Every structure is written in C-alpha cells, then in structure tokens.
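Note sheet for the following structure.
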4 protein chains.
Amino acid sequence: MTRARLLLSCADAAGIIARVTTYLAGRGANVIDADQHSSVDRRFFMRLVLEHDADPAALAAGFAAEVAEPLAMSYRFAAAGEPKSVALLCSREDHCLLDLLWRIRRGELEARCEAVVSTYPDHATVVEGFEVPYHHVPVSDGNAAAEARALELLRGEVDLIVLARYMQILSADFLDRVGCPLINIHHGFLPAFAGADPYQRAYDRGVKLIGATAHYVTEELDAGPIIEQDVIAISHHHEPDDLATLGRDIERVVLARAVKAHLEDRVLLDGQRTIVFRD
Amino acid sequence: MTRARLLLSCADAAGIIARVTTYLAGRGANVIDADQHSSVDRRFFMRLVLEHDADPAALAAGFAAEVAEPLAMSYRFAAAGEPKSVALLCSREDHCLLDLLWRIRRGELEARCEAVVSTYPDHATVVEGFEVPYHHVPVSDGNAAAEARALELLRGEVDLIVLARYMQILSADFLDRVGCPLINIHHGFLPAFAGADPYQRAYDRGVKLIGATAHYVTEELDAGPIIEQDVIAISHHHEPDDLATLGRDIERVVLARAVKAHLEDRVLLDGQRTIVFRD
Amino acid sequence: MTRARLLLSCADAAGIIARVTTYLAGRGANVIDADQHSSVDRRFFMRLVLEHDADPAALAAGFAAEVAEPLAMSYRFAAAGEPKSVALLCSREDHCLLDLLWRIRRGELEARCEAVVSTYPDHATVVEGFEVPYHHVPVSDGNAAAEARALELLRGEVDLIVLARYMQILSADFLDRVGCPLINIHHGFLPAFAGADPYQRAYDRGVKLIGATAHYVTEELDAGPIIEQDVIAISHHHEPDDLATLGRDIERVVLARAVKAHLEDRVLLDGQRTIVFRD
Amino acid sequence: MTRARLLLSCADAAGIIARVTTYLAGRGANVIDADQHSSVDRRFFMRLVLEHDADPAALAAGFAAEVAEPLAMSYRFAAAGEPKSVALLCSREDHCLLDLLWRIRRGELEARCEAVVSTYPDHATVVEGFEVPYHHVPVSDGNAAAEARALELLRGEVDLIVLARYMQILSADFLDRVGCPLINIHHGFLPAFAGADPYQRAYDRGVKLIGATAHYVTEELDAGPIIEQDVIAISHHHEPDDLATLGRDIERVVLARAVKAHLEDRVLLDGQRTIVFRD
C-alpha cells in the first residue's frame, strides 16, 4: 500500500465530498484523513490522505476524467512521506538555519536539504557538519550577480526554497524563473512593520508584543500569503537588541511550523489568504 | 432546506467516508462541513454538517439500516441552529454565570437558559434582569436535600447542566438520575490541583502559570473528560487572592468555549479523552 | 498610617534612589514597593509605594524642595487605595462596558463609575442595574453637539475617561478641554489595522492572529502610547463576524488590564512609549 | 567602573531600601537597577545592579558590618557580566543540549561551558564542534559508578549544572557533594505528571495543553523550586510521539530562560518558591 495526498479546490456545490470519496473507494483507495473547508465566497477546498495499491498515474488519470474535469476542479496528488528537496538561503543570522537543519536531521520535516546558499561565509563548517553543501554567494558584486548564481545552483533542483533570514529582496525575475515556491520568515507581526528594521520600529512605536510571520514570497515585499504567525510579550525593559534576541525564539519556531505545513501539503491558497489544514 | 449535524464513531476500516457521504448524497443531503479523525487505536470518529430537505426521521432510519448497522456504528443526528435548553448551577462567584448569560443573550451560544440554581440568594436580581428564573437552593439543609430539589427542577427539563463555579460535589446518584450531561469548570490546570483550594495550592507549590479546565462531570471528582484548558502567567508578586482574580478571566472563557463546543455538537468521547472538532 | 504612591522621572544620574529613599526614611515613610527603570536614552523612572503618617502636603512640599527641584524631577504623589472617578463612553457593543462595570462592583478596579455616556439608548436598564447614571448622547445631531454635551457632563468631574468601544473620533478640541486622560480599546493589533474595520481588514490580509490594543488617546487616531496588547489565534474557518466574536474576549481583558494599571498609578509616559510597572 | 549585583533577603521592616541604598551611595556605588519584593509572610527580597569603582572586598565587608548584620540579612555580591562556568548533562535527546551550546556561543547566556557529560556517546562530534569537552559516562555499570565519575569531573569545577534532559535520578549523596546548584527541565507541567513518561500520561489523561517546567533539583524527584514554565496547545490529532515533538519546542526555551535568569542572578529562593526578578 502506498500513501498519497490529494489536494483540490473548486466552486462549492452539493455532493462534492461524496463524488470524490466514491471515486476513490471504487479504486480501492482508503481515506485515512480528510479535511475540508468552504469559504465565505463559496469556494470548496479539500485535503485527503489515502492508502491505495493502485497505479498512481492511473488513479490520477481516472480522477481527472471522472471527477476533476466535470467539476472544473484544481487538484494535485502528492506522495506522502517522501521527502521534498529543499534549499535554505541565509545571511548572517544562523538561528533559523540551524533549527531547520536540525529538524531535517531528526526527521521532523519531510525534507532533504540539497544546499545552503549564504551571503556570508561564516556558517560553512557548521552546515558541512550536517553533510549539506554550503555555497557562499556574496552580494558584494550586486544583487543581480548573486541571483544569477543562485539560479544556476537551484533552478529545477529543489521543490522549495526557504529564506531563513536571507535579508535580500529577490527580484520578480528571480521569482519567475526559479520554478518553485519560496517561504520567508519576517521578524515582525505583518502587516505591521513590513520592510526593514522591524524590531527597531516596534521599539519606537512602543508595542507590548513582538511577532514573527512566515509567508510565501511574492513580488511585493512582505505582502505574500501568511502561513503562520506568533508573538511574544515584551516590556519597557527590552531595548531593540533584546527584542532581536527574544524574537529569534519565535522566528525559528514560526518558520519551522510553516515549512512543515508546506512539506506535508497542508497549505492551499485562497487568493491572498492561506488555508492551513492542521495536524 | 434544514441543517443537521451527524456524529458517528466506529471501528476504523476502508471506505467509511465514501459509504457515509454516498448515502447522504443519494438522499439529496449536501455535506457543508466534515471533520474526521482516526485514533491511534484504530477507532474512527466523524462530524458532518448537512443541508437537506428530506424527512429527518426517514433520513435517520435509512442511515441506520444502510450504514450504521452494517458498520456497527454509534451515531446521532442533531438539529443545527436550534438552541439547546440549559441550566446553570452556581454558588457565590458570579463571573462564569454572568458571562454565560451574556453570551446566550447575544446569541453567541446556541442555548436557551431555562434556570439558574444557586446555593446563594445573591444573584437573583441580576439573573432576573436576563429574564431567567432564579432558584435559591441552599445547601444548609444538607447536600441530599439540595440535590433532591435540583432534580425536581431539572430532571428531564434540560439538555445540559453547566456548573458555573458550583463548589458542591454532586453524588453519583444525582448524576445518574438527572438525565443530561454536565460540564464543570475547575479553577486549576487538571490533573494538577484537583479538588479543593487549587489557587492556594498553586501558590504554595510556586507554579509560574495557573490554569482552568472545563470537563464533563463524572463520579470521580475533577477526573472527567477534559474539553478545554487555558493558562495565564503569574509571578512572585501574586498572592493567592490575586491568583483567584486573575484566574476568573480564564475560567469564564474556558468554560464558555467548552459549552459552545458542546452546544454545537463538536465534542465526541474517546474513552476518557475528548475529540473536539474545532470551528 | 496612610498609603501613597510616588511617581517620578528625571535625567539618569548616580544616587537618585538613595536620595529619594533617604528623604522618605527621614520623614518616617516606609517604602513598601519600589520599581525603577533607566531607559536606553538615560532617563530615569520610578514608582514607589509608601506607608507613612506624615502630613501629605508637608511630605510633598519637602520632597519638592529637597529632592525634586535639585534633580529637575517630574513627580506626583497619589493616594493609594482611594478610588478614582471614571466615566465610560460606549456605543452599541456592550462587552467592554459590562466587564468594567462588573469589575468596579467587585472591587477589582480602584474606581467609582460616575457616568456612562452612550451613543445608543440600549444599555440604560443594564447600566442602571449597576446604579450608575446613564446618559444617551446620540451623534445623530453631529459630533460637535455630542462632544459639547459630553463636555457638559464630564469636564472637571472625572479623573479618567474610558472609551469602551466608543466608535467615534474625538476632536482635538474635546481632548484639550475635557481635562483628564482617556484610554481607548482598539480592536486590532496596533500599529496594524489602525482606523476603521480592523477585523474585516485582518480577514482580508489573512493574518493568523488577531489582536486588541489599549492606548491613551491622542489627537492622531490610534497612535497614542500603548498600555496593553494581546492576541488570539484564528484559522481559515473564521469569517469576519467570527473574528469580531473572538476579539471581544481579548478586547475586554486588554482594556481592563490597562485601566487597572492606570488606576493603580503604574503607567508613566516615556515620549510615545509607556512604562508599565507590573503588579 | 565595575558592575556588580547584590542580592539580599531579610525580615521586612521600615527603611530597608533607604539603608541599603544610602550605604551604597556613600561608597560611590550607583544603583543602575533595583527590584524588590515583600512576600505575604513579611519577608523582604531585593536585587540591585551597581556600578562602582570601590574595592569589591571592602565594599562587601562594609555592607556586612553596617547593613547586613544589623538587619540579620542574607546577602551575596556577584560580579555582573562575568561568565559563570557551567556543565551540561544529557542523555539521548539533543534539543536542549544544542540550544544551550548555541546560546552560549552567541553570548546570549553569561556562561562558559566546561563540559558535557552524556549517558550516550552520540553527541561527541557535535559538541566538539562547539569546542567543549565531551564525556561519555554510561549508566550501564550502574548509577553509582556514573555518579562517581561525574563527581570526579565536576566537583568544585563549575558554578551550575544543567540537566538538559538527563533522564537519570541523581542521588541525595551526589547532590550533597557536587557543590553547586542544578537546574532540571521536566517535560511536563509540574506538579502534573511528575516522574516518568509525562507525555504518555498527558495523552492518557486527555489534557488540551502540554507543558515544560524548569526547576532547581532537590532530593525529591521533580519537586524542587520552579523557575519557569510554559505550555503549548494540543488536540486529539496528536499522539504521544507528536506530544514529544511539540514539547521539545517549549522544553528548550523554558530551560534556556531559567538558566539565563539563574546566570544573571535573578532568582532568589523563598522556601519552596522562587522569586524571579525579570529583565
């Protein structure tokens, strides 16, 4: 028996769940887990986990013909339990980088890390200790050169790129050509403090909680669909440097949760918003 | 079209979801929302929200014959959106009482409050302001007399009894005869500090968070299935009276969430544990 | 023995604490509680709670002459345990209003509620149940007329005005003339979603937490110094109306905590930021 | 100018703060930060941070003679900013270990890690990457032998021992002889689930939050004074292994916060309870 995930969305209507599950039962596929959501504007979203011993291509082709096309459905099948290949991009800060490498090594994340690309040389030894190739791609020769080098390294090679405090703005052209989704961690509670220096600005405004936000990267800075957020309480004792220190503890956890949800095919897009089917 | 909820549990097996949803689709019932869970010991639990224009009795009878009996399923249909009738039992503290009455009046809870039974006379005016009958049932003549009076008032009259800081231990005999589930709020983070004086004991132990726990009432004190819990941070500045004050803010919210989940038929029992299908 | 609070701020320097406490000890005043903070830009803030049997005016005059003037200190003495007089301004929503009235009645807040001023007539009966005068001041005749009426009722009469979901923007002229501080509850995590319809905008942006912020009112909308904030997790299941319902549970608690801190003289201003000395 | 911390406790009385700060001002010591607390049973606790250029021994001797002895005070001076020497004891799990090593390397903790003692050989390479000696001390030859070896390595060598998921019960004799305080992380919300297998027992009881507790080690298992606690929400989806995974994220943060507070001399004992003066 193999295990697969099926994600789908379509206009809401009567009987969709019955139609989907009846097709699957007819092919001997057992639904292990099902989550479903109908949005306020009548769009239907679903995630199923299946066990089956059918030929995957035949299962998918039959689904397309008998269910997805008649219902004008978007859908995809994904293998469950097979690690996706991932690249991590980072800069000087190492907390998100190390946390992700450690979770991958423990098997907490369904991922194989193919490469770390860093604007700094500093993390080479540590990353190589995890048996992951380390590429130092400085931005000193300009962003364009760095992006070109990153494209060479990553295009077509990975399923997901994680910006683990990368600190550079990627061009629309790069996003277009790299060919896989990107998840970023922003060290602020979006939409507050988008852009540079969120901890300093949080301090200046005098907020009583600071936050971190993991989101898909789009052309517009810090404006992509949010996957996960968390906050931590602060007080007048904390200066901007303290906020950065405290913030690291939520940044790494928020990013890890978002990456895990993505790797387990739990995230669907609903325009600008995400639907995250929880474990 | 009427809206109904279907809750079911059975031994886990292939094709249950397909079988359930196909039956429903065949009777013109549209599944609006479906949540499902397979437990680690292979038990299957599901909650569905349906829209249908079938005769409810016929829909249920057909479900019994065609689905539930062949699969040895426990199940129940419940009307959605119809308020359940509720009684609130309380003592001197009024925070949970007022919060529930206020949420019922606002329409946040699918409930009609039939009666407030209190061991103290103090809340009569306030409760009557909500147009709810107030019964002062003192325990000064003994628990047995108080229980007998409460049984007279409530047996067969309500769908749910909420112990909103009732502070009396109800006998097994009462639980047996009252004929509906009871939800209690305990002012401690169960299983820590079960029984009397949880705030004093939390203070003595020097914990750094205090909690509240809403649970179904069983014969064993504070040992019934937990529906909802929350905590709040405290410090060395807080004396036992401060803990009681801070605790009220989580007690009322934890209790309200548990009551809401119950009223919306979101809670299933899995032995000593609950499955709470979230909104 | 009477109990007093002393709040002070000045440029940071060596020996301030010794100088202040030595003066007080010399007058027989015992320091029960002391909190102090030096900000990053070298400003010193302190809050002391004293027990003394001195003449309050003499104690203050001596302090001015011997300590405050030589050190160019801002300071004020406040009686501890004496309720401040408060007015509550509200609109259609009653959750913050009722919660504050209830906390005042219980003695949780050091306040005497002098008046409720509401743009709606709806809450008259409930408020009168708390034995508080209710003034219906509609905005149908324009904001200017409503402000004039509110000034008549409140100017010089109260120590604090609480905007318990008042939903009107008060003019700079009103703030100038009313003669006491105002605390507002904003139903968003400031600085995100300042202004109108924060829950709808939070929904549209797809955030995963919603927040509430209590702050002092200044001329610029939702930009005053923040006293207290909190958040609650949401998911794709929650539509804007659900956010409003969930949000009420944090709005009332955040506002109550901020009002309590103000009434207990725990809040000092550091420019645009607040220092809140915690209990 | 050197920076020092002064911690003290004594019976509560009038004028203690004045007496302490006047002494310090007289010796040219500037109080940078002061926190103080009077407990419900009239015990006085204080933490001061000082800047001074006095001879430390003379400052302390004068304090003893002029302040501490007359007031029957317990007190200690500690150097601020000087790293304390620490040993980490661990077992198979590496999350707390790596997190502490990483925080020490970053300078987040005022510590120098002298040794890691592990019952497993597995972490040698990683620990050596942090340039810390790694001692594999198996318990296969019995606890007594392991304790004897640990005593050889650590007695008199370190200021603090951290049990970073050590999973062995240390004997009273060991605690007696090792000569420094020990901090343990328990993977449960004490006093609930003291002892073995807290995640399995939390699962069996059906709690809705799981917790972690950092505490000083005393002879009685999991009963020492609590320094820090935190919780994380769980649901029926989470099996005991999931609880262990989720729990790791709070264990490492709770332990790090407790160790940080201890290293910065923020923790005082009040019998079985701790006073933690917050940053």
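Labeling convention for the structure tokens: chains A, B, ... as they appear, residues from 1 per chain, ligands from 1 in order of appearance.
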
Specify as number ranges by chain all residues of chain B found within 12 Å of chain A, counting only C-alpha atoms.
-> B: 12-40, 42-52, 233, 277-279

Same residues, C-alpha atoms, saved as a compact mmCIF listing (two decimals), in the first residue's frame:
```txt
# COMPACT_ATOMS: atom_id res chain seq x y z
CA ASP B 12 -11.75 2.16 11.54
CA ALA B 13 -11.93 0.49 8.14
CA ALA B 14 -11.55 1.30 4.45
CA GLY B 15 -14.26 3.29 2.74
CA ILE B 16 -16.26 4.60 5.68
CA ILE B 17 -16.27 8.19 4.46
CA ALA B 18 -17.30 7.14 0.99
CA ARG B 19 -20.10 4.99 2.35
CA VAL B 20 -21.45 7.72 4.62
CA THR B 21 -21.25 10.52 2.09
CA THR B 22 -22.65 8.41 -0.73
CA TYR B 23 -25.69 7.54 1.35
CA LEU B 24 -26.21 11.21 2.16
CA ALA B 25 -25.73 12.36 -1.43
CA GLY B 26 -28.26 9.74 -2.53
CA ARG B 27 -30.84 11.35 -0.24
CA GLY B 28 -30.06 14.82 -1.53
CA ALA B 29 -28.17 15.84 1.58
CA ASN B 30 -25.30 18.20 0.88
CA VAL B 31 -22.26 17.96 3.16
CA ILE B 32 -21.37 21.51 4.22
CA ASP B 33 -18.63 20.62 6.61
CA ALA B 34 -16.86 17.38 7.50
CA ASP B 35 -14.29 16.62 10.15
CA GLN B 36 -12.91 13.21 10.81
CA HIS B 37 -10.32 11.55 12.98
CA SER B 38 -8.83 8.08 13.27
CA SER B 39 -7.37 7.43 16.69
CA VAL B 40 -4.16 5.61 17.40
CA ARG B 42 -8.00 2.43 15.15
CA ARG B 43 -11.27 3.99 16.12
CA PHE B 44 -12.95 6.28 13.59
CA PHE B 45 -14.78 9.49 14.55
CA MET B 46 -16.64 11.91 12.29
CA ARG B 47 -18.78 15.04 12.42
CA LEU B 48 -20.72 16.23 9.39
CA VAL B 49 -22.89 19.26 8.83
CA LEU B 50 -25.63 18.66 6.26
CA GLU B 51 -28.18 20.66 4.34
CA HIS B 52 -31.15 18.62 3.24
CA ALA B 233 1.29 33.60 33.60
CA PHE B 277 -13.79 19.25 16.23
CA ARG B 278 -12.86 22.93 16.06
CA ASP B 279 -14.71 25.71 14.39
```

Taking the backbone alone, and naming residues the way the document does, which bits of stretch 8-159 of chain A are strand (DSSP E or B) by DSSP, as an MDAnalysis selection string?
-> chainID A and resid 8:11 30:38 43:52 74:79 84:90 111:118 134:136

Would you kindly return, as a ChimeraX atom specification, each protein, DNA or RNA residue with an atom no farther than 8 Å from any atom of A:Val231, considering only C-alpha atoms and excluding same-chain residues fewer than 6 positions away?
-> /A:189,209-212,250

All helix (DSSP H, G or I) positions in stretch 30-162 of chain B, as an MDAnalysis selection string | chainID B and resid 56:68 95:106 124:129 143:154

What is the atom CA of B:Pro70 to atom CA of B:Ala261 distance in Å?
->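 Between atom CA of B:Pro70 and atom CA of B:Ala261 the gap works out to 29.5 Å.
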
Find the residues near D:Thr245: any atom within 12 Å, counting only C-alpha atoms, skip ones fewer than 4 places away on the same chain, and give them as a PyMOL selection string.
-> (chain A and resi 103+106-109+257) or (chain D and resi 93+95+187+199+210+232+234+238-241+249-252)

Could you pull the residues within 10 Å of stretch 265-275 of chain C, counting only C-alpha atoms, minus those fewer than 6 positions along the same chain, as a compact mmCIF listing (two decimals) with N, CA, C and O atoms, in the first residue's frame?
```txt
# COMPACT_ATOMS: atom_id res chain seq x y z
N TYR A 203 10.06 48.83 18.73
CA TYR A 203 10.51 49.54 19.93
C TYR A 203 10.05 50.99 19.91
O TYR A 203 9.51 51.50 20.90
N ASP A 204 10.26 51.65 18.78
CA ASP A 204 9.91 53.06 18.69
C ASP A 204 8.40 53.27 18.89
O ASP A 204 7.99 54.25 19.51
N ARG A 205 7.60 52.37 18.36
CA ARG A 205 6.14 52.52 18.49
C ARG A 205 5.67 52.16 19.89
O ARG A 205 4.57 52.51 20.31
N GLY A 206 6.50 51.41 20.62
CA GLY A 206 6.12 51.06 21.98
C GLY A 206 5.10 49.93 22.08
O GLY A 206 4.27 49.92 22.99
N VAL A 207 5.16 48.97 21.16
CA VAL A 207 4.23 47.83 21.26
C VAL A 207 4.58 46.97 22.46
O VAL A 207 5.70 47.01 22.97
N LYS A 208 3.63 46.16 22.90
CA LYS A 208 3.80 45.33 24.10
C LYS A 208 3.96 43.85 23.74
O LYS A 208 4.13 43.00 24.62
N SER A 235 8.43 44.13 27.41
CA SER A 235 8.13 45.21 28.36
C SER A 235 9.09 46.38 28.10
O SER A 235 9.95 46.31 27.22
N HIS A 236 8.92 47.42 28.91
CA HIS A 236 9.78 48.59 28.76
C HIS A 236 11.24 48.28 29.06
O HIS A 236 12.13 49.05 28.73
N HIS A 237 11.51 47.14 29.71
CA HIS A 237 12.90 46.78 29.98
C HIS A 237 13.67 46.42 28.71
O HIS A 237 14.89 46.45 28.70
N ARG C 5 1.38 56.65 46.72
CA ARG C 5 2.29 56.28 45.63
C ARG C 5 3.02 57.52 45.17
O ARG C 5 2.44 58.61 45.10
N LEU C 6 4.26 57.32 44.81
CA LEU C 6 5.09 58.42 44.30
C LEU C 6 5.63 57.99 42.95
O LEU C 6 6.28 56.95 42.84
N LEU C 7 5.35 58.78 41.93
CA LEU C 7 5.88 58.51 40.60
C LEU C 7 6.80 59.62 40.20
O LEU C 7 6.46 60.81 40.37
N LEU C 8 7.93 59.27 39.61
CA LEU C 8 8.86 60.33 39.27
C LEU C 8 9.70 59.95 38.06
O LEU C 8 9.88 58.78 37.74
N SER C 9 10.18 60.98 37.37
CA SER C 9 11.14 60.76 36.28
C SER C 9 12.08 61.94 36.21
O SER C 9 11.73 63.07 36.57
N ASP C 35 9.76 50.19 42.13
CA ASP C 35 10.10 49.72 40.80
C ASP C 35 10.78 50.87 40.10
O ASP C 35 10.39 52.02 40.28
N GLN C 36 11.78 50.53 39.30
CA GLN C 36 12.55 51.61 38.73
C GLN C 36 13.07 51.17 37.37
O GLN C 36 13.20 49.98 37.11
N HIS C 37 13.29 52.13 36.50
CA HIS C 37 13.75 51.78 35.15
C HIS C 37 14.59 52.92 34.60
O HIS C 37 14.21 54.08 34.71
N SER C 39 15.98 54.19 31.04
CA SER C 39 15.77 53.93 29.62
C SER C 39 17.09 54.02 28.87
O SER C 39 18.10 54.53 29.37
N ARG C 43 17.10 58.14 30.73
CA ARG C 43 16.07 58.79 31.52
C ARG C 43 15.70 57.81 32.63
O ARG C 43 15.67 56.61 32.44
N PHE C 44 15.45 58.35 33.81
CA PHE C 44 15.20 57.53 34.99
C PHE C 44 13.72 57.63 35.38
O PHE C 44 13.17 58.74 35.44
N PHE C 45 13.09 56.48 35.65
CA PHE C 45 11.67 56.43 36.01
C PHE C 45 11.52 55.59 37.27
O PHE C 45 12.19 54.56 37.40
N MET C 46 10.63 56.01 38.16
CA MET C 46 10.46 55.23 39.38
C MET C 46 9.03 55.34 39.90
O MET C 46 8.37 56.36 39.74
N ARG C 47 8.60 54.25 40.52
CA ARG C 47 7.31 54.21 41.21
C ARG C 47 7.55 53.60 42.59
O ARG C 47 8.16 52.54 42.70
N LEU C 48 7.09 54.31 43.61
CA LEU C 48 7.23 53.81 44.98
C LEU C 48 5.87 53.75 45.63
O LEU C 48 5.02 54.61 45.39
N VAL C 49 5.68 52.75 46.47
CA VAL C 49 4.50 52.71 47.33
C VAL C 49 5.00 52.89 48.77
O VAL C 49 5.95 52.22 49.20
N ARG C 76 4.77 63.05 40.93
CA ARG C 76 3.47 63.28 41.56
C ARG C 76 3.23 62.25 42.66
O ARG C 76 3.65 61.11 42.55
N PHE C 77 2.59 62.70 43.72
CA PHE C 77 2.11 61.80 44.77
C PHE C 77 0.65 61.47 44.49
O PHE C 77 -0.10 62.34 44.03
N ALA C 78 0.27 60.22 44.72
CA ALA C 78 -1.13 59.84 44.56
C ALA C 78 -1.54 59.01 45.76
O ALA C 78 -0.74 58.24 46.29
N ALA C 79 -2.77 59.20 46.19
CA ALA C 79 -3.28 58.38 47.28
C ALA C 79 -3.45 56.95 46.80
O ALA C 79 -3.91 56.73 45.68
N ALA C 80 -3.05 55.98 47.57
CA ALA C 80 -3.23 54.57 47.20
C ALA C 80 -4.51 54.06 47.82
O ALA C 80 -4.82 54.36 48.97
N HIS C 215 -4.77 51.93 24.60
CA HIS C 215 -3.79 53.03 24.49
C HIS C 215 -4.41 54.33 24.96
O HIS C 215 -5.63 54.49 24.97
N TYR C 216 -3.54 55.25 25.36
CA TYR C 216 -4.01 56.60 25.65
C TYR C 216 -4.41 57.27 24.35
O TYR C 216 -3.81 57.05 23.30
N ALA C 223 -2.93 56.28 17.50
CA ALA C 223 -1.48 56.44 17.51
C ALA C 223 -0.93 56.80 18.89
O ALA C 223 0.26 57.02 19.05
N GLY C 224 -1.79 56.81 19.90
CA GLY C 224 -1.32 57.17 21.24
C GLY C 224 -0.50 56.08 21.88
O GLY C 224 -0.45 54.95 21.39
N PRO C 225 0.14 56.40 23.01
CA PRO C 225 1.00 55.43 23.70
C PRO C 225 0.24 54.17 24.12
O PRO C 225 -0.83 54.25 24.73
N ILE C 226 0.80 53.02 23.77
CA ILE C 226 0.17 51.73 24.02
C ILE C 226 0.41 51.29 25.47
O ILE C 226 1.54 51.35 25.96
N ILE C 227 -0.65 50.84 26.13
CA ILE C 227 -0.53 50.37 27.51
C ILE C 227 -0.53 48.84 27.57
O ILE C 227 0.22 48.24 28.33
N GLU C 228 -1.33 48.21 26.75
CA GLU C 228 -1.52 46.76 26.85
C GLU C 228 -1.99 46.20 25.51
O GLU C 228 -2.76 46.86 24.82
N ALA C 258 -5.42 47.49 31.20
CA ALA C 258 -4.86 48.84 31.01
C ALA C 258 -5.47 49.82 32.00
O ALA C 258 -4.76 50.64 32.60
N VAL C 259 -6.79 49.73 32.18
CA VAL C 259 -7.46 50.65 33.11
C VAL C 259 -6.96 50.40 34.53
O VAL C 259 -6.69 51.33 35.29
```

Skip C:Leu71 itself and residues of its chain fewer than 4 positions away, then list as a ChimeraX atom specification all residues within 8 Å of it, counting only C-alpha atoms.
-> /C:10-11,67

Limited to C-alpha atoms, could you put the picked residues into a file as an mmCIF file, in the first residue's frame?
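Result went into part.cif, see below:
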```
data_model
loop_
_atom_site.group_PDB
_atom_site.id
_atom_site.type_symbol
_atom_site.label_atom_id
_atom_site.label_comp_id
_atom_site.auth_asym_id
_atom_site.auth_seq_id
_atom_site.Cartn_x
_atom_site.Cartn_y
_atom_site.Cartn_z
ATOM 1 C CA CYS C 10 14.310 62.698 35.646
ATOM 2 C CA ALA C 11 17.630 62.539 33.849
ATOM 3 C CA VAL C 67 14.760 66.196 46.065
#
```

Write out as a PDB file with N, CA and C atoms, in the first residue's frame which residues come within 8 Å of B:Val158 when counting only C-alpha atoms, dropping same-chain ones fewer than 4 positions away.
```
ATOM      1  N   LYS B  84     -30.261  24.543  22.369  1.00  0.00           N
ATOM      2  CA  LYS B  84     -30.466  23.518  23.388  1.00  0.00           C
ATOM      3  C   LYS B  84     -30.892  24.218  24.678  1.00  0.00           C
ATOM      4  N   SER B  85     -31.608  23.510  25.523  1.00  0.00           N
ATOM      5  CA  SER B  85     -32.012  24.126  26.796  1.00  0.00           C
ATOM      6  C   SER B  85     -30.983  23.781  27.863  1.00  0.00           C
ATOM      7  N   VAL B  86     -30.653  24.773  28.640  1.00  0.00           N
ATOM      8  CA  VAL B  86     -29.509  24.706  29.535  1.00  0.00           C
ATOM      9  C   VAL B  86     -29.909  25.208  30.918  1.00  0.00           C
ATOM     10  N   ALA B  87     -29.328  24.602  31.961  1.00  0.00           N
ATOM     11  CA  ALA B  87     -29.441  25.165  33.314  1.00  0.00           C
ATOM     12  C   ALA B  87     -28.047  25.473  33.838  1.00  0.00           C
ATOM     13  N   GLU B 114     -32.869  27.918  30.863  1.00  0.00           N
ATOM     14  CA  GLU B 114     -34.158  27.627  31.494  1.00  0.00           C
ATOM     15  C   GLU B 114     -34.162  28.011  32.959  1.00  0.00           C
ATOM     16  N   LEU B 154     -34.866  20.150  37.482  1.00  0.00           N
ATOM     17  CA  LEU B 154     -34.120  19.996  36.238  1.00  0.00           C
ATOM     18  C   LEU B 154     -34.331  18.671  35.506  1.00  0.00           C
ATOM     19  N   CYS B 180     -28.885  14.224  31.871  1.00  0.00           N
ATOM     20  CA  CYS B 180     -28.233  15.003  30.811  1.00  0.00           C
ATOM     21  C   CYS B 180     -26.777  15.188  31.194  1.00  0.00           C
TER      22      CYS B 180
END
```

Using only C-alpha atoms, which residue out of C:Glu157, C:Ala150, C:Gly62, C:Leu243 lies closest to C:Cys113?
-> C:Glu157

Go ahead and compute the interatomic distance for atom CA of D:Leu182 and atom CA of D:Tyr75, in Å to one decimal.
->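 If I compute the distance from atom CA of D:Leu182 to atom CA of D:Tyr75, I get 20.2 Å.
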
Find the residue from D:Arg92, D:His186, D:Arg201, D:Arg155 that sits nearest to D:Ala115; use only C-alpha atoms when measuring.
->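 For D:Ala115, the nearest of the candidates is D:Arg155.
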